[in-house]
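One file, work_27.cif, is given below (mmCIF, C-alpha atoms).
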data_protein
loop_
_atom_site.label_atom_id
_atom_site.label_comp_id
_atom_site.auth_asym_id
_atom_site.auth_seq_id
_atom_site.Cartn_x
_atom_site.Cartn_y
_atom_site.Cartn_z
CA MET A 1 0.43 -101.97 2.07
CA SER A 2 0.08 -100.20 5.38
CA SER A 3 -1.77 -97.12 6.38
CA ALA A 4 1.24 -96.02 8.43
CA ALA A 5 3.02 -95.16 5.22
CA ASP A 6 0.45 -92.64 4.04
CA PRO A 7 2.52 -90.00 2.23
CA THR A 8 -0.12 -87.33 2.69
CA THR A 9 0.39 -87.06 6.43
CA THR A 10 1.29 -83.66 7.78
CA ASP A 11 2.97 -84.91 10.94
CA PRO A 12 6.49 -83.40 11.09
CA THR A 13 7.86 -86.54 12.72
CA PRO A 14 10.15 -88.36 10.29
CA LEU A 15 8.66 -91.20 8.30
CA LEU A 16 11.02 -93.74 9.80
CA HIS A 17 9.34 -93.21 13.15
CA HIS A 18 5.94 -94.11 11.67
CA LEU A 19 7.34 -97.11 9.86
CA HIS A 20 8.81 -98.74 12.94
CA HIS A 21 5.82 -98.06 15.26
CA SER A 22 8.23 -97.39 18.08
CA SER A 23 7.68 -95.96 21.53
CA PRO A 24 6.70 -92.31 22.04
CA PRO A 25 9.24 -89.90 20.53
CA HIS A 26 9.82 -88.15 23.86
CA SER A 27 11.32 -91.27 25.48
CA ASP A 28 15.06 -91.94 25.38
CA SER A 29 17.04 -95.06 26.04
CA PRO A 30 19.18 -94.79 29.20
CA GLU A 31 22.36 -95.09 27.12
CA LEU A 32 21.42 -92.27 24.76
CA ALA A 33 20.26 -90.00 27.60
CA ALA A 34 23.52 -90.61 29.51
CA SER A 35 25.62 -89.95 26.40
CA LEU A 36 23.81 -86.68 25.73
CA ARG A 37 24.26 -85.58 29.36
CA ARG A 38 27.99 -86.30 29.24
CA LEU A 39 28.37 -84.40 26.00
CA ASP A 40 26.33 -81.46 27.29
CA SER A 41 28.39 -81.33 30.49
CA PHE A 42 31.63 -81.40 28.52
CA LEU A 43 30.49 -78.62 26.20
CA GLY A 44 29.35 -76.56 29.16
CA LEU A 45 32.67 -77.07 30.96
CA PHE A 46 34.65 -75.67 28.02
CA GLY A 47 32.30 -72.74 27.45
CA PHE A 48 30.41 -73.88 24.34
CA CYS A 49 26.98 -73.66 25.99
CA GLN A 50 26.50 -69.89 25.93
CA TYR A 51 22.76 -69.81 26.60
CA THR A 52 22.71 -66.57 28.62
CA PRO A 53 24.59 -63.26 28.38
CA LEU A 54 26.40 -64.10 31.62
CA SER A 55 27.56 -67.52 30.41
CA THR A 56 28.64 -65.95 27.10
CA ALA A 57 30.71 -63.30 28.88
CA LEU A 58 32.30 -65.84 31.24
CA SER A 59 33.08 -68.20 28.38
CA TRP A 60 34.88 -65.60 26.29
CA LEU A 61 36.67 -64.14 29.32
CA ALA A 62 37.95 -67.62 30.15
CA PHE A 63 39.10 -68.12 26.57
CA LEU A 64 40.87 -64.76 26.44
CA ALA A 65 42.48 -65.32 29.82
CA VAL A 66 43.52 -68.98 29.56
CA GLY A 67 43.92 -69.37 25.81
CA VAL A 68 45.43 -65.99 24.96
CA GLY A 69 46.42 -63.98 28.04
CA VAL A 70 48.42 -66.60 29.93
CA PRO A 71 50.66 -67.71 27.03
CA PHE A 72 51.14 -64.11 25.89
CA LEU A 73 52.32 -63.06 29.35
CA ILE A 74 54.69 -66.03 29.53
CA ILE A 75 56.15 -65.14 26.14
CA GLU A 76 56.63 -61.50 27.14
CA LEU A 77 57.98 -62.07 30.65
CA TYR A 78 59.90 -65.34 30.52
CA TYR A 79 60.93 -65.96 26.91
CA CYS A 80 64.05 -64.60 25.23
CA SER A 81 64.03 -62.52 22.08
CA HIS A 82 66.19 -63.61 19.19
CA GLY A 83 69.21 -61.44 18.65
CA THR A 84 69.69 -60.17 22.22
CA GLY A 85 72.98 -61.98 22.68
CA SER A 86 71.61 -64.06 25.55
CA SER A 87 72.49 -67.75 25.77
CA CYS A 88 68.81 -68.68 25.72
CA ASP A 89 68.39 -67.28 22.20
CA LYS A 90 69.40 -70.66 20.88
CA TYR A 91 66.45 -72.36 22.55
CA GLN A 92 63.70 -69.73 22.63
CA VAL A 93 62.70 -67.56 19.67
CA LYS A 94 59.99 -65.08 20.58
CA SER A 95 58.71 -64.60 17.01
CA PHE A 96 58.14 -68.34 16.68
CA GLU A 97 56.06 -68.46 19.85
CA VAL A 98 53.96 -65.43 18.88
CA GLU A 99 53.12 -66.87 15.47
CA ILE A 100 52.07 -70.18 17.00
CA LEU A 101 49.97 -68.41 19.63
CA VAL A 102 48.15 -66.34 17.00
CA SER A 103 47.21 -69.37 14.91
CA GLU A 104 46.04 -71.37 17.94
CA ALA A 105 44.01 -68.43 19.27
CA LEU A 106 42.33 -67.81 15.91
CA LEU A 107 41.35 -71.45 15.46
CA GLY A 108 40.08 -71.68 19.03
CA ALA A 109 38.03 -68.51 18.61
CA VAL A 110 36.49 -69.74 15.35
CA SER A 111 35.60 -73.11 16.90
CA LEU A 112 34.18 -71.57 20.07
CA GLY A 113 32.22 -68.91 18.21
CA CYS A 114 30.66 -71.18 15.57
CA VAL A 115 29.77 -74.07 17.88
CA SER A 116 28.40 -71.84 20.66
CA HIS A 117 26.28 -69.93 18.13
CA ASN A 118 24.67 -73.15 16.89
CA LEU A 119 24.17 -74.53 20.40
CA ARG A 120 22.59 -71.29 21.56
CA LYS A 121 20.24 -71.31 18.57
CA TYR A 122 19.29 -75.00 18.46
CA GLY A 123 20.35 -76.73 21.68
CA VAL A 124 22.36 -79.95 21.86
CA ARG A 125 19.60 -82.30 20.65
CA ARG A 126 18.55 -80.29 17.62
CA PHE A 127 22.17 -79.47 16.87
CA LEU A 128 22.93 -83.20 16.65
CA PHE A 129 19.57 -84.02 15.00
CA VAL A 130 18.61 -86.41 17.81
CA ASP A 131 15.63 -84.35 18.99
CA ARG A 132 12.18 -85.89 19.36
CA PHE A 133 11.44 -85.45 15.63
CA HIS A 134 14.59 -87.16 14.43
CA GLY A 135 16.05 -89.26 17.23
CA GLY A 136 12.90 -91.00 18.42
CA VAL A 137 13.45 -94.19 16.45
CA VAL A 138 14.26 -97.02 18.83
CA GLN A 139 16.20 -98.81 16.12
CA PHE A 140 18.93 -96.15 16.06
CA ARG A 141 19.21 -95.12 19.71
CA ASP A 142 22.01 -97.53 20.60
CA GLU A 143 23.94 -96.46 17.50
CA TYR A 144 23.43 -92.81 18.44
CA ALA A 145 24.84 -93.46 21.91
CA LYS A 146 27.91 -95.28 20.54
CA ILE A 147 28.71 -92.52 18.07
CA ILE A 148 28.28 -89.79 20.70
CA ASP A 149 30.56 -91.68 23.10
CA ASN A 150 33.08 -92.01 20.26
CA PHE A 151 33.43 -88.21 20.41
CA PHE A 152 35.39 -88.46 23.67
CA TRP A 153 37.48 -91.39 22.44
CA LEU A 154 38.52 -89.56 19.28
CA LEU A 155 39.32 -86.39 21.20
CA ALA A 156 41.48 -88.28 23.71
CA THR A 157 43.19 -90.25 20.92
CA TRP A 158 44.66 -87.08 19.43
CA ILE A 159 45.00 -84.83 22.48
CA LEU A 160 46.96 -87.25 24.67
CA PRO A 161 49.86 -87.98 22.25
CA CYS A 162 50.20 -84.29 21.41
CA PHE A 163 50.06 -83.43 25.12
CA ILE A 164 52.93 -85.85 25.80
CA LEU A 165 54.97 -84.26 23.01
CA LYS A 166 54.22 -80.78 24.34
CA ALA A 167 55.17 -81.78 27.89
CA ALA A 168 58.40 -83.39 26.67
CA ARG A 169 59.30 -80.23 24.77
CA GLU A 170 58.70 -78.05 27.83
CA VAL A 171 60.74 -80.36 30.04
CA VAL A 172 63.68 -80.19 27.63
CA ARG A 173 63.31 -76.41 27.43
CA VAL A 174 63.40 -76.13 31.22
CA ILE A 175 66.55 -78.27 31.33
CA TYR A 176 68.42 -76.00 28.93
CA VAL A 177 66.87 -72.69 29.99
CA HIS A 178 66.64 -72.33 33.78
CA ASN A 179 67.46 -68.72 34.58
CA ASN A 180 64.39 -68.23 36.82
CA PRO A 181 63.67 -69.52 40.36
CA TRP A 182 62.39 -73.09 40.53
CA TRP A 183 58.89 -72.08 41.67
CA GLU A 184 58.53 -69.79 38.64
CA ILE A 185 59.72 -72.58 36.37
CA VAL A 186 57.15 -75.03 37.78
CA LEU A 187 54.37 -72.45 37.63
CA THR A 188 55.25 -71.53 34.04
CA PHE A 189 55.47 -75.19 33.06
CA PHE A 190 51.96 -76.03 34.28
CA ALA A 191 50.51 -72.75 32.98
CA ILE A 192 51.83 -73.48 29.49
CA LEU A 193 50.42 -77.02 29.50
CA VAL A 194 47.01 -75.92 30.79
CA SER A 195 46.77 -73.11 28.26
CA TRP A 196 47.84 -75.31 25.35
CA SER A 197 45.47 -78.12 26.37
CA TYR A 198 42.55 -75.71 26.70
CA SER A 199 43.12 -74.13 23.28
CA SER A 200 43.69 -77.47 21.55
CA ILE A 201 40.59 -79.06 23.10
CA ILE A 202 38.49 -76.08 22.06
CA TYR A 203 39.70 -76.33 18.47
CA LEU A 204 39.53 -80.11 18.11
CA SER A 205 36.11 -80.22 19.79
CA GLY A 206 34.68 -78.10 16.99
CA SER A 207 36.13 -80.40 14.33
CA ILE A 208 35.02 -83.58 16.08
CA LEU A 209 31.53 -82.18 16.68
CA PHE A 210 31.20 -81.66 12.94
CA SER A 211 32.32 -85.26 12.42
CA LEU A 212 29.82 -86.37 15.07
CA VAL A 213 26.91 -84.64 13.34
CA CYS A 214 27.88 -86.17 9.99
CA ASN A 215 28.29 -89.68 11.41
CA LEU A 216 24.87 -89.52 13.07
CA GLN A 217 23.36 -88.86 9.64
CA VAL A 218 25.41 -91.60 7.98
CA ILE A 219 23.31 -94.08 9.99
CA HIS A 220 20.18 -93.01 8.12
CA PHE A 221 21.82 -93.05 4.70
CA GLU A 222 23.11 -96.57 5.29
CA ASN A 223 19.64 -97.63 6.46
CA TYR A 224 17.91 -96.19 3.38
CA GLY A 225 18.42 -99.42 1.43
CA LYS A 226 16.49 -101.34 4.10
CA LEU A 227 13.64 -98.86 3.74
CA LEU A 228 13.40 -99.75 0.05
CA GLU A 229 12.78 -103.38 0.98
CA ARG A 230 9.41 -102.44 2.45
CA ASP A 231 6.25 -102.50 0.36
CA LEU A 232 5.59 -98.76 0.48
CA ASP A 233 4.39 -96.12 -1.92
CA VAL A 234 7.16 -94.47 -3.95
CA SER A 235 6.21 -91.07 -2.52
CA VAL A 236 7.32 -92.35 0.90
CA TYR A 237 10.81 -93.04 -0.43
CA ILE A 238 10.95 -89.63 -2.11
CA GLU A 239 9.83 -87.84 1.04
CA GLU A 240 12.39 -89.67 3.17
CA HIS A 241 15.13 -88.79 0.67
CA MET A 242 14.01 -85.15 0.73
CA ARG A 243 14.22 -85.16 4.52
CA LEU A 244 17.76 -86.56 4.50
CA LYS A 245 18.85 -84.06 1.87
CA HIS A 246 17.27 -81.26 3.92
CA TYR A 247 19.33 -82.24 6.97
CA LEU A 248 22.49 -82.23 4.85
CA SER A 249 21.63 -78.72 3.76
CA LYS A 250 21.23 -77.71 7.41
CA ILE A 251 24.60 -79.21 8.33
CA SER A 252 26.28 -77.40 5.46
CA HIS A 253 24.70 -74.10 6.44
CA ARG A 254 25.63 -74.39 10.13
CA PHE A 255 29.27 -75.34 9.58
CA ARG A 256 30.24 -73.57 6.36
CA ILE A 257 31.80 -70.55 8.11
CA PHE A 258 33.71 -72.83 10.48
CA LEU A 259 35.03 -74.99 7.62
CA ILE A 260 36.10 -72.00 5.51
CA PHE A 261 37.93 -70.22 8.32
CA GLU A 262 39.50 -73.45 9.54
CA PHE A 263 40.88 -74.21 6.08
CA LEU A 264 42.20 -70.69 5.56
CA ILE A 265 43.80 -70.36 9.00
CA VAL A 266 45.38 -73.83 8.91
CA THR A 267 46.76 -73.20 5.43
CA ALA A 268 48.18 -69.81 6.41
CA SER A 269 49.66 -71.26 9.60
CA GLN A 270 51.37 -74.07 7.71
CA VAL A 271 52.82 -71.61 5.21
CA VAL A 272 54.21 -69.46 8.03
CA ALA A 273 55.67 -72.53 9.78
CA LEU A 274 57.28 -73.65 6.54
CA LEU A 275 58.74 -70.21 5.92
CA GLU A 276 60.16 -69.97 9.43
CA THR A 277 61.65 -73.45 9.57
CA THR A 278 63.20 -73.34 6.11
CA GLY A 279 64.27 -69.71 6.26
CA ASN A 280 65.99 -70.07 9.65
CA GLN A 281 67.67 -73.44 9.28
CA SER A 282 70.77 -72.28 11.12
CA ILE A 283 68.94 -71.70 14.41
CA ILE A 284 66.21 -74.37 14.24
CA ASN A 285 66.46 -77.18 16.81
CA PHE A 286 64.11 -79.44 18.74
CA ILE A 287 63.44 -76.92 21.51
CA ASN A 288 62.59 -73.83 19.49
CA GLY A 289 61.07 -75.67 16.51
CA ALA A 290 59.11 -78.46 18.20
CA ASP A 291 56.13 -76.20 18.87
CA PHE A 292 55.74 -75.70 15.12
CA ALA A 293 55.51 -79.46 14.67
CA ILE A 294 53.07 -79.99 17.56
CA SER A 295 50.86 -77.11 16.48
CA SER A 296 50.88 -78.34 12.88
CA ILE A 297 49.86 -81.84 13.96
CA VAL A 298 46.87 -80.55 15.93
CA GLN A 299 45.76 -78.18 13.19
CA VAL A 300 46.08 -80.67 10.34
CA VAL A 301 44.34 -83.40 12.36
CA GLY A 302 41.36 -81.12 12.98
CA LEU A 303 41.13 -80.24 9.30
CA VAL A 304 41.46 -83.86 8.18
CA ILE A 305 38.73 -84.95 10.62
CA CYS A 306 36.34 -82.40 9.09
CA LEU A 307 37.21 -83.28 5.50
CA GLN A 308 36.96 -87.01 6.15
CA ALA A 309 33.53 -86.68 7.77
CA ALA A 310 32.21 -84.43 5.01
CA THR A 311 33.54 -86.73 2.29
CA LYS A 312 32.10 -89.80 4.00
CA ILE A 313 28.55 -88.48 4.25
CA THR A 314 28.72 -87.03 0.72
CA THR A 315 29.76 -90.44 -0.60
CA ARG A 316 26.85 -92.08 1.21
CA ALA A 317 24.40 -89.51 -0.13
CA GLN A 318 25.61 -89.88 -3.70
CA GLY A 319 25.61 -93.67 -3.35
CA LEU A 320 21.83 -93.66 -2.90
CA ALA A 321 21.51 -93.21 -6.66
CA SER A 322 23.03 -96.63 -7.30
CA VAL A 323 20.98 -98.17 -4.48
CA ALA A 324 17.75 -96.79 -5.94
CA SER A 325 18.71 -97.91 -9.46
CA ARG A 326 19.46 -101.43 -8.25
CA TRP A 327 16.18 -101.57 -6.34
CA HIS A 328 14.26 -100.45 -9.44
CA ALA A 329 15.99 -103.05 -11.60
CA LEU A 330 15.36 -105.87 -9.13
CA VAL A 331 11.68 -105.01 -8.74
CA THR A 332 11.17 -104.68 -12.49
CA CYS A 333 12.95 -107.92 -13.37
CA SER A 334 11.74 -110.04 -10.44
CA SER A 335 9.22 -112.80 -10.86
CA ASN A 336 6.82 -111.11 -8.45
CA ASP A 337 5.95 -108.44 -11.02
CA THR A 338 4.98 -111.06 -13.60
CA SER A 339 3.02 -113.19 -11.17
CA GLN A 340 1.15 -110.31 -9.60
CA LEU A 341 -0.02 -109.08 -12.99
CA GLY A 342 -2.11 -112.20 -13.33
CA THR A 343 -3.36 -112.29 -9.75
CA LEU A 344 -4.40 -108.68 -9.19
CA ASP A 345 -8.08 -107.98 -8.80
CA ASN A 346 -9.92 -105.98 -11.45
CA GLY A 347 -9.61 -102.84 -9.36
CA GLY A 348 -6.02 -103.51 -8.27
CA PHE A 349 -3.76 -100.47 -8.31
CA SER A 350 -1.48 -101.62 -5.47
CA GLU A 351 2.22 -100.83 -5.58
CA VAL A 352 4.35 -103.66 -6.87
CA ALA A 353 7.53 -104.13 -4.87
CA ASP A 354 9.89 -106.96 -4.14
CA ALA A 355 10.11 -107.04 -0.37
CA GLY A 356 12.07 -110.26 -0.39
CA VAL A 357 15.26 -108.94 -1.98
CA PRO A 358 17.57 -107.09 0.44
CA ILE A 359 18.69 -103.67 -0.76
CA THR A 360 22.12 -102.92 0.68
CA VAL A 361 24.96 -100.64 -0.19
CA ASP A 362 27.41 -103.54 -0.52
CA TYR A 363 26.36 -105.31 -3.65
CA SER A 364 26.96 -108.92 -4.60
CA ASP A 365 27.71 -110.14 -8.10
CA SER A 366 25.06 -112.87 -8.11
CA ASP A 367 22.47 -112.68 -10.86
CA GLN A 368 18.77 -112.38 -10.08
CA GLU A 369 16.95 -114.93 -12.20
CA SER A 370 13.23 -115.05 -12.81
CA GLY A 371 11.33 -118.30 -12.68
CA ASP A 372 8.90 -119.41 -15.36
CA TYR A 373 5.30 -119.44 -14.22
CA ASP A 374 2.17 -120.41 -16.02
CA VAL A 375 -0.03 -117.43 -15.26
CA PRO A 376 -3.06 -116.04 -17.02
CA GLY A 377 -2.53 -113.04 -19.30
CA PRO A 378 -2.90 -109.62 -17.69
CA THR A 379 -5.97 -107.55 -18.30
CA THR A 380 -5.83 -103.96 -19.52
CA ILE A 381 -6.43 -102.62 -16.02
CA GLN A 382 -3.71 -104.84 -14.55
CA LEU A 383 -1.25 -103.80 -17.24
CA ALA A 384 -2.05 -100.13 -16.62
CA SER A 385 -1.44 -100.64 -12.90
CA TYR A 386 1.90 -102.32 -13.60
CA MET A 387 3.00 -99.57 -15.97
CA SER A 388 1.94 -96.93 -13.45
CA SER A 389 4.08 -98.64 -10.80
CA TYR A 390 7.00 -98.84 -13.22
CA HIS A 391 6.82 -95.16 -14.13
CA LYS A 392 6.65 -94.18 -10.46
CA ARG A 393 9.81 -96.13 -9.73
CA GLN A 394 11.50 -94.70 -12.80
CA ALA A 395 10.58 -91.17 -11.73
CA PHE A 396 11.96 -91.90 -8.25
CA VAL A 397 15.27 -93.15 -9.66
CA MET A 398 15.58 -90.09 -11.90
CA TYR A 399 14.83 -87.85 -8.92
CA VAL A 400 17.55 -89.45 -6.78
CA GLN A 401 20.08 -89.32 -9.62
CA SER A 402 19.35 -85.63 -10.13
CA ASN A 403 19.55 -84.79 -6.39
CA LEU A 404 22.72 -86.49 -5.18
CA GLY A 405 23.22 -84.14 -2.23
CA GLY A 406 26.19 -83.93 0.09
CA VAL A 407 27.91 -81.44 2.39
CA THR A 408 28.51 -78.19 0.51
CA ILE A 409 30.28 -74.88 1.10
CA PHE A 410 28.47 -72.19 -0.84
CA GLY A 411 27.61 -74.69 -3.57
CA TRP A 412 30.94 -76.55 -3.62
CA VAL A 413 30.32 -80.21 -2.78
CA ILE A 414 32.94 -81.67 -0.43
CA ASP A 415 33.69 -84.96 -2.15
CA ARG A 416 36.73 -86.88 -3.37
CA ALA A 417 37.14 -84.64 -6.41
CA LEU A 418 37.35 -81.56 -4.17
CA MET A 419 39.82 -83.38 -1.92
CA ASN A 420 42.09 -83.99 -4.91
CA THR A 421 41.86 -80.30 -5.80
CA VAL A 422 42.70 -79.24 -2.25
CA PHE A 423 45.64 -81.65 -2.15
CA PHE A 424 47.21 -80.32 -5.34
CA VAL A 425 46.62 -76.70 -4.31
CA GLU A 426 48.42 -77.37 -1.02
CA MET A 427 51.23 -79.17 -2.80
CA SER A 428 51.63 -76.27 -5.23
CA LEU A 429 51.69 -73.79 -2.35
CA THR A 430 54.26 -75.90 -0.50
CA SER A 431 56.45 -76.13 -3.57
CA PHE A 432 56.25 -72.38 -4.06
CA VAL A 433 57.30 -71.68 -0.47
CA LEU A 434 60.16 -74.17 -0.64
CA GLY A 435 61.31 -72.62 -3.89
CA LYS A 436 61.52 -69.21 -2.20
CA THR A 437 63.36 -70.42 0.89
CA ILE A 438 65.60 -73.29 -0.25
CA SER A 439 68.13 -72.81 -2.99
CA PHE A 440 70.82 -75.08 -4.35
CA THR A 441 74.03 -73.77 -5.85
CA THR A 442 76.41 -75.59 -8.11
CA LYS A 443 80.09 -74.86 -8.42
#
Give the structure from the file, written as structure tokens.
Amino acid sequence: MSSAADPTTTDPTPLLHHLHHSSPPHSDSPELAASLRRLDSFLGLFGFCQYTPLSTALSWLAFLAVGVGVPFLIIELYYCSHGTGSSCDKYQVKSFEVEILVSEALLGAVSLGCVSHNLRKYGVRRFLFVDRFHGGVVQFRDEYAKIIDNFFWLLATWILPCFILKAAREVVRVIYVHNNPWWEIVLTFFAILVSWSYSSIIYLSGSILFSLVCNLQVIHFENYGKLLERDLDVSVYIEEHMRLKHYLSKISHRFRIFLIFEFLIVTASQVVALLETTGNQSIINFINGADFAISSIVQVVGLVICLQAATKITTRAQGLASVASRWHALVTCSSNDTSQLGTLDNGGFSEVADAGVPITVDYSDSDQESGDYDVPGPTTIQLASYMSSYHKRQAFVMYVQSNLGGVTIFGWVIDRALMNTVFFVEMSLTSFVLGKTISFTTK
């Protein structure tokens, strides 16, 4: 229908940019530019933007000092060791604090290392796929800005409640354990909160950035049905689907190490917490056991955010098969196909498409009925053109059904089936640990 949809073009700019005839790809809306600046400043503040050797060294020194060194020194100098006979043993167990510190430091290091590696290699725009080749479509710029701003809202939503719980725990600890001068107590109190906040923000930022990247791509998958409404050559639809699937492959490749280590560390940390809390029931109370609960909340929330984002975009990608099948059925059964067979010119080989029927992911149950028209019988050339169009659409549907796509980890697709498997594995592991630590006796 339009020369803008020529599938033979070699321009690397995505097809959606050509189809909307938007402004030059280098221009940004003020909202999107401001959102990207805020995100870049935030990532730079917490040491994710390691673009030079100096910034890399400073970032890791800050992480080792604030996230590891400060809490380790506090544990060694100001915390009691269990079994020393001191009255503070009831409220402070050194082994508990060390185990929590190790898990938080490992998760923070994995998040900082993986995200900084990708940012150093691709930059913020290419990392989020909103560079000039992918984010230049005016139609999506406002949605990009809203999703990027949602990064800060989601981070604050989970950090603030956990911060309040952490502060309350430290206040109660200070009330019951106050053997040091008041200035040391205040200094230790703020040092603990700053260190915990820094480590938690580093970890959750990695998880929420993965969710951000996935949600930015969900926009394009949800818009794919609208693309099918246009009277374009089938090769355009295939090429656009290949591009979306290629970006999913990139996302999977960039985050697979982060997702694997996050899952393993969180699982190991939860097992250790379960062993400690069930194996030491006689000494567990709010003060010495609350950190296990707070740490578990933060860790599980980060893992759930990643799994939810991966499952969401995988569901959208796999749902394109039903969208394409519905589009093919509507075009084949619509009255336009029958009417155009009798009205095509002798040399007509134009693509037959029903641009009047909206293709959306949310389907209605209404039937599509064809009207009866008195049209002249098709010629051999017209029938050949119609059959050619039909076979192209059929090949497109078979291609989409055979290439469902989704976020993968070394070939394993993160979808609802994998979530069920993970859930039952975790439940089995939990049951095993409880069976080793809790026993019931009958008299």
(message) With only C-alpha atoms as the counted atoms, please give the residues lying no more than 9 Å from A:Gly47, apart from itself and same-chain residues fewer than 2 positions off, as a list in words.
(response)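 So the residues in contact are Phe42, Leu43, Gly44, Leu45, Cys49, Gln50, Ser55, Thr56, Leu58, Ser59, Trp60, Ala62, Phe63, Leu112, Ser116 and Ile202 of chain A.
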Contact residues around A:Val174 with all atoms listed in the file at 9 Å, ignoring same-chain residues under 5 positions, as a PyMOL selection string: chain A and resi 169+185+189
Write the residues of the selection above to a file with C-alpha atoms, as a short mmCIF file (atom, residue, chain, number, x, y, z; two decimals), in the frame of the given file.
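For reference, part_38.cif as written:
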data_model
loop_
_atom_site.label_atom_id
_atom_site.label_comp_id
_atom_site.auth_asym_id
_atom_site.auth_seq_id
_atom_site.Cartn_x
_atom_site.Cartn_y
_atom_site.Cartn_z
CA ARG A 169 59.30 -80.23 24.77
CA ILE A 185 59.72 -72.58 36.37
CA PHE A 189 55.47 -75.19 33.06
#
#### Entry: atom CA of A:Leu193 to atom CA of A:Val68, straight-line distance in Å
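So the answer is 12.9 Å.
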Excluding A:Asn280 and residues on its chain fewer than 2 positions from it, collect all residues at most 12 Å away from it, counting all atoms listed in the file, and give them as a PyMOL selection string. chain A and resi 82+90+93+95-96+272-278+282-285+288-289+437-438
Residues just named, written with C-alpha atoms as a JSON list (two decimals), keeping the file's coordinate frame:
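Result written to out_10.json:
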[["chain", "number", "residue", "atom", "x", "y", "z"],
["A", 82, "HIS", "CA", 66.19, -63.61, 19.19],
["A", 90, "LYS", "CA", 69.40, -70.66, 20.88],
["A", 93, "VAL", "CA", 62.70, -67.56, 19.67],
["A", 95, "SER", "CA", 58.71, -64.60, 17.01],
["A", 96, "PHE", "CA", 58.14, -68.34, 16.68],
["A", 272, "VAL", "CA", 54.21, -69.46, 8.03],
["A", 273, "ALA", "CA", 55.67, -72.53, 9.78],
["A", 274, "LEU", "CA", 57.28, -73.65, 6.54],
["A", 275, "LEU", "CA", 58.74, -70.21, 5.92],
["A", 276, "GLU", "CA", 60.16, -69.97, 9.43],
["A", 277, "THR", "CA", 61.65, -73.45, 9.57],
["A", 278, "THR", "CA", 63.20, -73.34, 6.11],
["A", 282, "SER", "CA", 70.77, -72.28, 11.12],
["A", 283, "ILE", "CA", 68.94, -71.70, 14.41],
["A", 284, "ILE", "CA", 66.21, -74.37, 14.24],
["A", 285, "ASN", "CA", 66.46, -77.18, 16.81],
["A", 288, "ASN", "CA", 62.59, -73.83, 19.49],
["A", 289, "GLY", "CA", 61.07, -75.67, 16.51],
["A", 437, "THR", "CA", 63.36, -70.42, 0.89],
["A", 438, "ILE", "CA", 65.60, -73.29, -0.25]]
Reference answer for the PyMOL selection byres ((chain A and resi 118) around 10), as a PyMOL selection string
chain A and resi 48-50+113-117+119-124+126-127+254-255
Keeping only C-alpha atoms, take the residues you just selected and write them out as a PDB file, in the coordinates of the input.
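Generated output (selection_25.pdb):
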ATOM      1  CA  PHE A  48      30.410 -73.880  24.340  1.00  0.00           C
ATOM      2  CA  CYS A  49      26.980 -73.660  25.990  1.00  0.00           C
ATOM      3  CA  GLN A  50      26.500 -69.890  25.930  1.00  0.00           C
ATOM      4  CA  GLY A 113      32.220 -68.910  18.210  1.00  0.00           C
ATOM      5  CA  CYS A 114      30.660 -71.180  15.570  1.00  0.00           C
ATOM      6  CA  VAL A 115      29.770 -74.070  17.880  1.00  0.00           C
ATOM      7  CA  SER A 116      28.400 -71.840  20.660  1.00  0.00           C
ATOM      8  CA  HIS A 117      26.280 -69.930  18.130  1.00  0.00           C
ATOM      9  CA  LEU A 119      24.170 -74.530  20.400  1.00  0.00           C
ATOM     10  CA  ARG A 120      22.590 -71.290  21.560  1.00  0.00           C
ATOM     11  CA  LYS A 121      20.240 -71.310  18.570  1.00  0.00           C
ATOM     12  CA  TYR A 122      19.290 -75.000  18.460  1.00  0.00           C
ATOM     13  CA  GLY A 123      20.350 -76.730  21.680  1.00  0.00           C
ATOM     14  CA  VAL A 124      22.360 -79.950  21.860  1.00  0.00           C
ATOM     15  CA  ARG A 126      18.550 -80.290  17.620  1.00  0.00           C
ATOM     16  CA  PHE A 127      22.170 -79.470  16.870  1.00  0.00           C
ATOM     17  CA  ARG A 254      25.630 -74.390  10.130  1.00  0.00           C
ATOM     18  CA  PHE A 255      29.270 -75.340   9.580  1.00  0.00           C
TER      19      PHE A 255
END
Q) If the PyMOL selection byres ((chain A and resi 415-426) around 12) is run on the structure shown, which residues does it catch, given as a PyMOL selection string? A) chain A and resi 263-264+266-268+270-271+303-304+306-319+404-409+411-414+427-433
- When the PyMOL selection byres ((chain A and resi 195) around 7) is applied to the file above, which residues end up in the set, as a list in words?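 This file gives the following for the PyMOL selection byres ((chain A and resi 195) around 7): Val66, Gly67, Val70, Pro71, Ala191, Ile192, Leu193, Val194, Trp196, Ser197, Tyr198 and Ser199 of chain A.
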Nearest residue to A:Arg243 out of A:Val172, A:His220, A:Ile287, A:Thr188, using all atoms listed in the file?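 Answer, going by the shortest atom-to-atom distance: A:His220.
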As a check of understanding: the span from atom CA of A:Phe152 to atom CA of A:Tyr224 is 27.9 Å
Atom-to-atom span, atom CA of A:Ile75 and atom CA of A:Gly302, Å =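 Interatomic distance, atom CA of A:Ile75 to atom CA of A:Gly302: 25.4 Å.
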Check: From the set A:Ala156, A:Cys214, A:Val400, A:Leu228, which residue has the shortest atom-to-atom contact distance to A:Tyr247, counting only C-alpha atoms?
Finding: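 Result for the nearest residue to A:Tyr247: A:Cys214.
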